[in-house]
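S.K.: Here you go, this is run.csv (CSV, C-alpha atoms and all ligand atoms).
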```csv
chain,number,residue,atom,x,y,z
A,4,MET,CA,-26.1,6.7,-9.6
A,5,ASN,CA,-24.9,9.7,-7.6
A,6,ASP,CA,-21.4,10.9,-8.3
A,7,PRO,CA,-19.3,9.9,-5.2
A,8,PHE,CA,-16.9,12.8,-5.8
A,9,PRO,CA,-17.8,16.4,-5.1
A,10,ALA,CA,-17.4,18.5,-8.2
A,11,GLU,CA,-15.1,20.9,-6.4
A,12,LEU,CA,-12.6,18.1,-5.6
A,13,ILE,CA,-12.4,17.1,-9.2
A,14,GLU,CA,-12.0,20.7,-10.3
A,15,ARG,CA,-9.4,21.5,-7.8
A,16,LEU,CA,-7.4,18.3,-8.7
A,17,LYS,CA,-7.7,19.1,-12.4
A,18,ALA,CA,-6.3,22.6,-11.8
A,19,ALA,CA,-3.7,21.6,-9.2
A,20,ARG,CA,0.0,22.1,-10.0
A,21,HIS,CA,1.1,20.4,-6.8
A,22,VAL,CA,-0.8,17.6,-4.9
A,23,ALA,CA,0.6,16.4,-1.6
A,24,VAL,CA,-0.5,13.2,-0.1
A,25,LEU,CA,0.0,11.8,3.4
A,26,THR,CA,-0.4,8.0,3.6
A,27,GLY,CA,-0.6,5.7,6.5
A,28,ALA,CA,-1.0,1.9,7.1
A,29,GLY,CA,-4.5,1.9,5.7
A,30,ILE,CA,-3.3,2.3,2.1
A,31,SER,CA,-1.3,-1.0,2.4
A,32,ALA,CA,-4.1,-2.9,4.2
A,33,GLU,CA,-5.4,-4.1,0.8
A,34,SER,CA,-1.9,-5.5,0.1
A,35,GLY,CA,-2.4,-7.7,3.1
A,36,ILE,CA,-0.2,-5.7,5.5
A,37,ALA,CA,-1.7,-5.2,9.0
A,38,THR,CA,-2.4,-1.7,10.2
A,39,PHE,CA,-1.4,-0.6,13.7
A,40,ARG,CA,-4.6,0.5,15.4
A,41,ASP,CA,-7.5,-1.3,13.6
A,42,ALA,CA,-9.2,-4.1,15.6
A,43,ASP,CA,-7.2,-6.7,13.7
A,44,GLY,CA,-4.1,-4.4,13.5
A,45,LEU,CA,-0.5,-5.1,14.6
A,46,TRP,CA,-1.1,-3.6,18.0
A,47,ALA,CA,-4.2,-5.6,18.8
A,48,ARG,CA,-1.6,-8.3,19.5
A,49,PHE,CA,1.4,-6.3,20.5
A,50,LYS,CA,1.5,-3.1,22.6
A,51,PRO,CA,3.3,-0.3,20.9
A,52,GLU,CA,5.2,0.6,24.0
A,53,GLU,CA,6.6,-2.9,24.2
A,54,LEU,CA,8.0,-2.9,20.7
A,55,ALA,CA,8.3,0.4,18.9
A,56,ARG,CA,10.7,2.1,21.3
A,57,MET,CA,14.3,2.1,22.2
A,58,ASP,CA,13.8,0.9,25.8
A,59,ALA,CA,11.9,-2.2,24.5
A,60,PHE,CA,14.7,-2.9,22.1
A,61,LEU,CA,17.4,-2.6,24.7
A,62,ASP,CA,15.3,-4.8,27.0
A,63,ASN,CA,14.7,-7.6,24.5
A,64,PRO,CA,16.5,-7.0,21.2
A,65,LYS,CA,15.6,-10.5,19.9
A,66,ARG,CA,11.9,-10.0,20.4
A,67,VAL,CA,12.0,-6.6,18.6
A,68,GLN,CA,14.3,-7.8,15.8
A,69,ASP,CA,12.1,-10.9,15.3
A,70,TRP,CA,9.0,-8.7,15.0
A,71,TYR,CA,10.7,-6.6,12.3
A,72,SER,CA,12.0,-9.7,10.4
A,73,HIS,CA,8.5,-11.1,10.3
A,74,ARG,CA,7.1,-7.8,9.0
A,75,ARG,CA,10.0,-7.6,6.4
A,76,THR,CA,9.0,-11.1,5.1
A,77,VAL,CA,5.3,-10.1,4.9
A,78,VAL,CA,6.1,-6.9,3.0
A,79,ARG,CA,8.5,-8.6,0.6
A,80,ARG,CA,5.8,-11.1,-0.4
A,81,ALA,CA,3.2,-8.3,-0.7
A,82,ARG,CA,2.5,-6.3,-3.8
A,83,PRO,CA,1.4,-2.7,-4.3
A,84,ASN,CA,-2.4,-2.5,-4.6
A,85,PRO,CA,-4.6,-0.4,-6.8
A,86,GLY,CA,-4.4,2.5,-4.3
A,87,HIS,CA,-0.6,2.7,-4.5
A,88,LEU,CA,-0.7,2.3,-8.3
A,89,ALA,CA,-3.3,5.1,-8.7
A,90,LEU,CA,-1.1,7.5,-6.8
A,91,ALA,CA,1.8,6.7,-9.1
A,92,ASP,CA,-0.7,7.3,-12.1
A,93,LEU,CA,-1.6,10.7,-10.6
A,94,GLU,CA,1.8,11.9,-11.8
A,95,ARG,CA,0.5,11.6,-15.4
A,96,VAL,CA,-2.1,14.3,-14.8
A,97,VAL,CA,-0.6,16.5,-12.1
A,98,GLU,CA,2.7,18.4,-12.6
A,99,ARG,CA,4.0,17.6,-9.1
A,100,VAL,CA,2.9,14.9,-6.7
A,101,THR,CA,4.6,14.5,-3.3
A,102,VAL,CA,3.8,11.3,-1.5
A,103,ILE,CA,4.6,11.7,2.2
A,104,THR,CA,4.3,8.3,3.8
A,105,GLN,CA,4.4,7.1,7.4
A,106,ASN,CA,4.8,3.6,6.1
A,107,VAL,CA,8.0,1.6,6.2
A,108,ASP,CA,7.0,-1.0,3.6
A,109,GLY,CA,8.4,0.6,0.4
A,110,LEU,CA,5.2,-0.1,-1.6
A,111,HIS,CA,4.9,3.5,-3.0
A,112,GLU,CA,8.3,3.1,-4.6
A,113,ARG,CA,7.5,-0.3,-5.9
A,114,ALA,CA,4.3,1.1,-7.4
A,115,GLY,CA,6.3,3.7,-9.3
A,116,SER,CA,5.7,7.0,-7.4
A,117,SER,CA,8.7,9.2,-8.0
A,118,ARG,CA,8.7,11.8,-5.2
A,119,ILE,CA,8.4,10.0,-1.9
A,120,LEU,CA,9.2,11.2,1.6
A,121,GLU,CA,9.5,8.4,4.1
A,122,LEU,CA,8.9,9.9,7.5
A,123,HIS,CA,9.3,6.8,9.6
A,124,GLY,CA,12.2,5.1,7.8
A,125,SER,CA,12.2,1.7,6.0
A,126,LEU,CA,12.1,-1.9,6.9
A,127,GLU,CA,14.7,-2.6,4.3
A,128,ARG,CA,17.4,-0.7,6.1
A,129,ASN,CA,19.2,-1.6,9.4
A,130,TYR,CA,22.2,0.0,11.1
A,131,CYS,CA,24.5,-0.5,14.1
A,132,VAL,CA,23.5,1.4,17.2
A,133,ASP,CA,27.1,1.9,18.2
A,134,CYS,CA,29.1,2.7,15.0
A,135,GLY,CA,26.2,3.7,12.7
A,136,ARG,CA,27.4,1.3,9.9
A,137,PRO,CA,24.5,0.2,7.7
A,138,ALA,CA,23.8,-3.5,8.0
A,139,THR,CA,23.9,-5.9,5.0
A,140,GLU,CA,21.4,-8.6,4.3
A,141,GLU,CA,23.9,-11.1,5.6
A,142,ASP,CA,24.2,-9.3,8.9
A,143,ILE,CA,20.5,-9.8,9.6
A,144,THR,CA,20.3,-13.4,8.5
A,145,GLY,CA,20.0,-16.3,11.0
A,146,ASP,CA,19.0,-16.0,14.6
A,147,ALA,CA,18.5,-12.7,16.3
A,148,PRO,CA,19.9,-10.8,18.1
A,149,TYR,CA,22.1,-9.5,15.3
A,150,ALA,CA,25.5,-8.0,16.1
A,151,CYS,CA,27.5,-5.6,14.0
A,152,PRO,CA,30.4,-7.4,12.3
A,153,THR,CA,32.6,-4.3,12.6
A,154,CYS,CA,32.2,-3.4,16.3
A,155,GLY,CA,29.9,-6.0,17.9
A,156,GLY,CA,27.2,-3.3,18.6
A,157,MET,CA,23.5,-4.1,18.2
A,158,ILE,CA,21.8,-3.8,14.9
A,159,ARG,CA,18.4,-2.1,14.8
A,160,PRO,CA,15.9,-1.3,12.1
A,161,ASP,CA,16.2,2.1,10.5
A,162,VAL,CA,12.7,3.2,11.5
A,163,VAL,CA,11.5,5.9,13.9
A,164,TRP,CA,10.4,4.8,17.3
A,165,PHE,CA,8.3,6.7,19.8
A,166,GLY,CA,10.4,9.5,21.4
A,167,GLU,CA,12.8,9.6,18.5
A,168,MET,CA,13.2,12.5,16.1
A,169,LEU,CA,12.1,12.1,12.5
A,170,PRO,CA,14.8,12.7,9.9
A,171,SER,CA,14.9,16.5,9.9
A,172,ASP,CA,15.6,17.0,6.2
A,173,ILE,CA,12.6,14.8,5.2
A,174,LEU,CA,10.3,16.4,7.8
A,175,GLU,CA,11.2,19.8,6.6
A,176,LYS,CA,10.4,18.8,3.0
A,177,ALA,CA,7.1,17.3,4.1
A,178,PHE,CA,6.0,20.5,5.9
A,179,ALA,CA,7.1,22.6,2.9
A,180,ALA,CA,5.1,20.3,0.6
A,181,ALA,CA,2.0,20.5,2.9
A,182,ALA,CA,2.3,24.3,2.9
A,183,SER,CA,2.7,24.7,-0.8
A,184,ALA,CA,0.2,22.1,-2.1
A,185,ASP,CA,-2.9,23.1,-4.0
A,186,VAL,CA,-4.6,19.9,-2.9
A,187,PHE,CA,-3.7,17.7,0.1
A,188,LEU,CA,-5.0,14.1,0.5
A,189,SER,CA,-4.8,12.3,3.8
A,190,ILE,CA,-5.2,8.6,3.1
A,191,GLY,CA,-5.5,5.6,5.4
A,192,THR,CA,-4.0,7.1,8.5
A,193,SER,CA,-5.6,7.5,11.9
A,194,ALA,CA,-3.7,10.7,12.2
A,195,VAL,CA,-2.9,10.3,15.9
A,196,VAL,CA,0.9,10.1,15.7
A,197,HIS,CA,2.8,13.4,15.6
A,198,PRO,CA,4.4,15.2,13.9
A,199,ALA,CA,3.0,13.4,10.8
A,200,ALA,CA,-0.6,14.1,12.0
A,201,SER,CA,0.1,17.9,11.9
A,202,LEU,CA,0.7,17.8,8.1
A,203,PRO,CA,-3.0,17.8,7.0
A,204,VAL,CA,-3.6,20.6,9.5
A,205,GLU,CA,-0.7,22.6,8.1
A,206,ALA,CA,-2.0,22.1,4.6
A,207,ALA,CA,-5.5,23.2,5.5
A,208,ARG,CA,-4.1,26.3,7.3
A,209,SER,CA,-2.0,27.2,4.3
A,210,GLY,CA,-5.0,27.1,2.0
A,211,ALA,CA,-4.9,23.7,0.3
A,212,PHE,CA,-8.1,22.0,-0.6
A,213,THR,CA,-8.1,19.0,1.7
A,214,ALA,CA,-9.7,15.5,1.4
A,215,GLU,CA,-9.5,12.4,3.4
A,216,ILE,CA,-9.8,8.8,2.1
A,217,ASN,CA,-10.4,6.4,4.9
A,218,VAL,CA,-12.8,3.6,5.9
A,219,GLU,CA,-13.7,5.8,8.9
A,220,ALA,CA,-13.2,9.4,9.9
A,221,SER,CA,-9.7,10.0,11.4
A,222,ALA,CA,-8.5,12.6,14.0
A,223,VAL,CA,-8.0,15.2,11.2
A,224,ALA,CA,-11.5,14.8,9.7
A,225,PRO,CA,-12.5,18.2,11.1
A,226,TYR,CA,-9.9,19.9,9.0
A,227,MET,CA,-10.9,18.2,5.7
A,228,ASP,CA,-13.0,19.9,3.0
A,229,VAL,CA,-14.1,16.5,1.7
A,230,GLU,CA,-14.5,13.1,3.4
A,231,LEU,CA,-14.4,10.1,1.1
A,232,THR,CA,-15.4,7.0,3.1
A,233,GLY,CA,-14.3,3.7,1.8
A,234,LYS,CA,-11.2,1.7,0.8
A,235,SER,CA,-8.3,3.6,-0.7
A,236,GLY,CA,-7.7,0.7,-3.2
A,237,GLU,CA,-11.2,1.3,-4.5
A,238,ILE,CA,-11.6,5.1,-4.3
A,239,LEU,CA,-8.2,6.2,-5.6
A,240,PRO,CA,-8.3,4.4,-9.0
A,241,GLU,CA,-11.8,5.8,-9.6
A,242,LEU,CA,-10.8,9.3,-8.5
A,243,VAL,CA,-7.6,9.3,-10.7
A,244,SER,CA,-9.5,8.0,-13.7
A,245,ARG,CA,-11.8,11.0,-13.5
A,246,LEU,CA,-8.9,13.3,-14.0
A,247,SER,CA,-7.5,12.0,-17.2
A,248,PRO,CA,-8.5,14.1,-20.2
A,249,SER,CA,-10.9,12.0,-22.2
A,301,LIG,C1,-8.0,2.3,5.7
A,301,LIG,C2,-8.1,1.0,5.1
A,301,LIG,C3,-8.4,1.0,3.7
A,301,LIG,C4,-7.7,0.7,7.2
A,301,LIG,N1,-8.5,2.1,3.0
A,301,LIG,N2,-8.1,3.4,5.0
A,301,LIG,C5,2.2,16.0,19.9
A,301,LIG,C6,1.1,15.6,20.7
A,301,LIG,C7,1.1,14.4,21.4
A,301,LIG,C8,2.1,13.5,21.3
A,301,LIG,C9,3.2,13.9,20.6
A,301,LIG,C10,3.3,15.1,19.9
A,301,LIG,N3,4.4,15.2,19.2
A,301,LIG,C11,5.1,14.1,19.5
A,301,LIG,C12,4.5,13.3,20.3
A,301,LIG,C13,4.9,11.9,20.8
A,301,LIG,C14,4.7,10.8,19.8
A,301,LIG,C15,3.2,10.7,19.5
A,301,LIG,O1,2.8,11.2,18.4
A,301,LIG,N4,2.4,10.1,20.3
A,301,LIG,C16,1.0,10.0,20.0
A,301,LIG,C17,0.6,8.5,19.8
A,301,LIG,C18,0.2,10.6,21.2
A,301,LIG,N5,5.5,11.0,18.6
A,301,LIG,C19,6.8,10.6,18.6
A,301,LIG,O2,7.3,10.1,19.5
A,301,LIG,C20,7.5,10.9,17.3
A,301,LIG,N6,8.7,11.6,17.6
A,301,LIG,C21,8.8,12.8,17.9
A,301,LIG,O3,7.9,13.5,18.0
A,301,LIG,O4,10.1,13.3,18.2
A,301,LIG,C22,10.3,14.5,18.8
A,301,LIG,C23,10.5,14.3,20.3
A,301,LIG,C24,11.6,13.5,20.7
A,301,LIG,C25,11.8,13.3,22.0
A,301,LIG,C26,10.9,13.7,22.9
A,301,LIG,C27,9.7,14.4,22.5
A,301,LIG,C28,9.6,14.7,21.1
A,301,LIG,C29,7.9,9.6,16.6
A,301,LIG,C30,6.7,8.8,16.1
A,301,LIG,C31,7.2,7.5,15.5
A,301,LIG,C32,6.1,6.6,15.1
A,301,LIG,N7,6.6,5.3,14.8
A,301,LIG,C33,5.7,4.3,14.3
A,301,LIG,C34,6.5,3.0,14.2
A,301,LIG,C35,7.4,3.1,13.0
A,301,LIG,C36,8.2,1.8,12.7
A,301,LIG,C37,7.3,0.6,12.5
A,301,LIG,O5,6.5,0.6,11.5
A,301,LIG,O6,7.4,-0.3,13.3
A,301,LIG,O7,5.1,4.6,13.1
A,301,LIG,S1,4.3,4.1,15.4
A,301,LIG,C38,3.1,3.7,14.1
A,301,LIG,O8,2.1,4.7,14.0
A,301,LIG,C39,3.9,3.8,12.8
A,301,LIG,C40,3.0,4.5,11.9
A,301,LIG,O9,3.7,5.1,10.8
A,301,LIG,C41,2.3,5.5,12.8
A,301,LIG,C42,1.0,6.0,12.3
A,301,LIG,O10,0.0,4.9,12.1
A,301,LIG,P1,-1.0,5.0,10.9
A,301,LIG,O11,-0.3,4.8,9.7
A,301,LIG,O12,-1.9,6.1,11.0
A,301,LIG,O13,-1.8,3.6,11.1
A,301,LIG,P2,-3.1,3.3,12.0
A,301,LIG,O14,-3.2,1.8,12.2
A,301,LIG,O15,-3.1,4.1,13.3
A,301,LIG,O16,-4.3,3.8,11.1
A,301,LIG,C43,-4.7,3.1,10.0
A,301,LIG,C44,-5.9,3.8,9.3
A,301,LIG,O17,-6.2,3.2,8.1
A,301,LIG,C45,-7.2,3.9,10.2
A,301,LIG,O18,-7.6,5.2,10.2
A,301,LIG,C46,-8.1,3.0,9.3
A,301,LIG,O19,-9.5,3.4,9.5
A,301,LIG,C47,-7.6,3.2,8.0
A,301,LIG,N8,-7.9,2.1,7.0
A,301,LIG,N9,-8.0,0.1,6.1
A,301,LIG,C48,-8.4,3.3,3.7
A,301,LIG,N10,-8.5,-0.2,3.1
A,302,ZN,ZN,29.0,-1.3,14.7
```
Please re-express this file's structure in structure tokens.

M.R.:
Amino acid sequence: MNDPFPAELIERLKAARHVAVLTGAGISAESGIATFRDADGLWARFKPEELARMDAFLDNPKRVQDWYSHRRTVVRRARPNPGHLALADLERVVERVTVITQNVDGLHERAGSSRILELHGSLERNYCVDCGRPATEEDITGDAPYACPTCGGMIRPDVVWFGEMLPSDILEKAFAAAASADVFLSIGTSAVVHPAASLPVEAARSGAFTAEINVEASAVAPYMDVELTGKSGEILPELVSRLSPS
């Protein structure tokens, strides 16, 4: 059988001191978590502009909070899949692995990755729009809309909506990681949402060897040295097993 991995990818990974990875919803698809833009994705049923923005929240906080509560329930029941676990294992063979994720599901942490940059926040955190107080589990239990027990303000998920700035310290670290990586992997993202989608381009421009793992070519495919077509939960374990000294 033909080797699915180009020799240069294996060599570059074996020699790499720093591998940076950008992940998107596709890496969690095999954990049963819907993606955003695939045919059966979250937004086949919901329009992003109706839910993932401040105006939508102010318009109908219950609807938006219910959507996030539903997703939190799904994520808590889900488990990291072999793709997440393989990225955690990569740390055994590469000195430094930076996982930059657009996902809000916490599955990289649960899989055991140690250097994670969450660009778009986390489903597990909520805060008061008025006083900034972090919400407790109790504050978001029962029927939405949820109000802050301290000031009565509205409680929102600690995620980044369209038109909002990404956390600047995390974004800075992500660009620094992309610029300094020897190898950059873009995994399970359509790469249409910025500034995250600029990271693979930044890595390519800075001289990293770049590879994409996706069931189909994404918007950053033209910048990739290697395109691996298939499911990340299948490709990543196979790829990482090829790097272990045998
Ligand atoms: C598999 C698989 C398997 C499936 N294995 N693969 C520059 C140019 C144009 C526009 C802009 C720009 N800069 C900024 C903008 C505006 C905007 C933007 O990017 N718009 C574009 C859509 C055009 N960006 C913003 O507003 C950002 N903020 C910002 O820039 O602030 C500065 C500013 C402020 C004020 C004014 C102006 C500028 C914020 C973006 C926030 C995005 N937030 C969301 C929601 C987070 C919370 C939540 O989860 O609800 O983040 S949107 C949504 O998209 C979510 C995701 O993280 C993000 C990316 O999606 P992702 O992960 O790529 O998922 P999919 O579904 O798109 O793709 C899945 C992929 O997996 C597919 O490719 C499949 O093929 C693949 N796949 N199964 C491998 N088994
Ligand atoms: Zn408050």

S.K.: Give the residues close to ligand LIG 301 (chain A), within 6 Å, counting only C-alpha atoms and all ligand atoms; write them as a ChimeraX atom specification.

M.R.: /A:27-30,32-33,38-41,55,105-107,123,162-168,191-198,216-219,221,234-235

S.K.: Can you list every residue of chain A that has an atom at most 9 Å from ligand ZN 302 (chain A), with its nearest atom pair and the distance in Å to one decimal, using only C-alpha atoms and all ligand atoms, ordered by chain then number, as JSON lines?

M.R.:
```
{"residue": "A:Tyr130", "atom": "CA", "partner": "A:ZN302", "partner_atom": "ZN", "distance": 7.8}
{"residue": "A:Cys131", "atom": "CA", "partner": "A:ZN302", "partner_atom": "ZN", "distance": 4.6}
{"residue": "A:Val132", "atom": "CA", "partner": "A:ZN302", "partner_atom": "ZN", "distance": 6.6}
{"residue": "A:Asp133", "atom": "CA", "partner": "A:ZN302", "partner_atom": "ZN", "distance": 5.1}
{"residue": "A:Cys134", "atom": "CA", "partner": "A:ZN302", "partner_atom": "ZN", "distance": 4.0}
{"residue": "A:Gly135", "atom": "CA", "partner": "A:ZN302", "partner_atom": "ZN", "distance": 6.1}
{"residue": "A:Arg136", "atom": "CA", "partner": "A:ZN302", "partner_atom": "ZN", "distance": 5.7}
{"residue": "A:Pro137", "atom": "CA", "partner": "A:ZN302", "partner_atom": "ZN", "distance": 8.5}
{"residue": "A:Ala138", "atom": "CA", "partner": "A:ZN302", "partner_atom": "ZN", "distance": 8.8}
{"residue": "A:Ala150", "atom": "CA", "partner": "A:ZN302", "partner_atom": "ZN", "distance": 7.7}
{"residue": "A:Cys151", "atom": "CA", "partner": "A:ZN302", "partner_atom": "ZN", "distance": 4.6}
{"residue": "A:Pro152", "atom": "CA", "partner": "A:ZN302", "partner_atom": "ZN", "distance": 6.7}
{"residue": "A:Thr153", "atom": "CA", "partner": "A:ZN302", "partner_atom": "ZN", "distance": 5.1}
{"residue": "A:Cys154", "atom": "CA", "partner": "A:ZN302", "partner_atom": "ZN", "distance": 4.1}
{"residue": "A:Gly155", "atom": "CA", "partner": "A:ZN302", "partner_atom": "ZN", "distance": 5.8}
{"residue": "A:Gly156", "atom": "CA", "partner": "A:ZN302", "partner_atom": "ZN", "distance": 4.7}
{"residue": "A:Met157", "atom": "CA", "partner": "A:ZN302", "partner_atom": "ZN", "distance": 7.1}
{"residue": "A:Ile158", "atom": "CA", "partner": "A:ZN302", "partner_atom": "ZN", "distance": 7.6}
```

S.K.: Which residues of region 22-127 of chain A have any atom within 10 Å of an atom in region 201-215 of chain A when counting all atoms listed in the file, and what is the closest pair of atoms for each, with the distance in Å to one decimal? Order the rows by chain and rising number and write it as JSON lines.

M.R.:
```
{"residue": "A:Val22", "atom": "CA", "partner": "A:Ala211", "partner_atom": "CA", "distance": 9.0}
{"residue": "A:Ala23", "atom": "CA", "partner": "A:Ala206", "partner_atom": "CA", "distance": 8.8}
{"residue": "A:Val24", "atom": "CA", "partner": "A:Pro203", "partner_atom": "CA", "distance": 8.8}
{"residue": "A:Leu25", "atom": "CA", "partner": "A:Pro203", "partner_atom": "CA", "distance": 7.6}
{"residue": "A:Ile103", "atom": "CA", "partner": "A:Leu202", "partner_atom": "CA", "distance": 9.3}
```

S.K.: Dump C-alpha atoms for the selected residues as a CSV table (one decimal), keeping the file's coordinate frame?

M.R.:
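This went into selection.csv:
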```csv
chain,number,residue,atom,x,y,z
A,22,VAL,CA,-0.8,17.6,-4.9
A,23,ALA,CA,0.6,16.4,-1.6
A,24,VAL,CA,-0.5,13.2,-0.1
A,25,LEU,CA,0.0,11.8,3.4
A,103,ILE,CA,4.6,11.7,2.2
```

S.K.: Pick from A:Glu11, A:Glu230, A:Asp185, A:Asp108: nearest to Leu122 (chain A), with only C-alpha atoms counted?

M.R.: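 Checking each candidate against Leu122 (chain A), we get A:Asp108 as the closest.
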
S.K.: Write out as a PyMOL selection string which residues come within 10 Å of Val96 (chain A) when counting only C-alpha atoms, dropping same-chain ones fewer than 5 positions away.

M.R.: chain A and resi 16-20+243-244+246-248

S.K.: When you look at Glu241 (chain A) with a cut-off of 10 Å (counting all atoms listed in the file), what residues show up, excluding the ones that are within fewer than 6 positions of it in the same chain? I need them as a ChimeraX atom specification.

M.R.: /A:7-8,85-86,89,235

S.K.: Keeping only C-alpha atoms, take the residues you just selected and write them out as a short mmCIF file (atom, residue, chain, number, x, y, z; two decimals), in the frame of the given file.

M.R.:
```cif
data_model
loop_
_atom_site.label_atom_id
_atom_site.label_comp_id
_atom_site.auth_asym_id
_atom_site.auth_seq_id
_atom_site.Cartn_x
_atom_site.Cartn_y
_atom_site.Cartn_z
CA PRO A 7 -19.30 9.90 -5.20
CA PHE A 8 -16.90 12.80 -5.80
CA PRO A 85 -4.60 -0.40 -6.80
CA GLY A 86 -4.40 2.50 -4.30
CA ALA A 89 -3.30 5.10 -8.70
CA SER A 235 -8.30 3.60 -0.70
#
```

S.K.: Report the distance between CA of Ser31 (chain A) and CA of Arg99 (chain A) in Å, rounded to one decimal place.

M.R.: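 Interatomic distance here is 22.5 Å.
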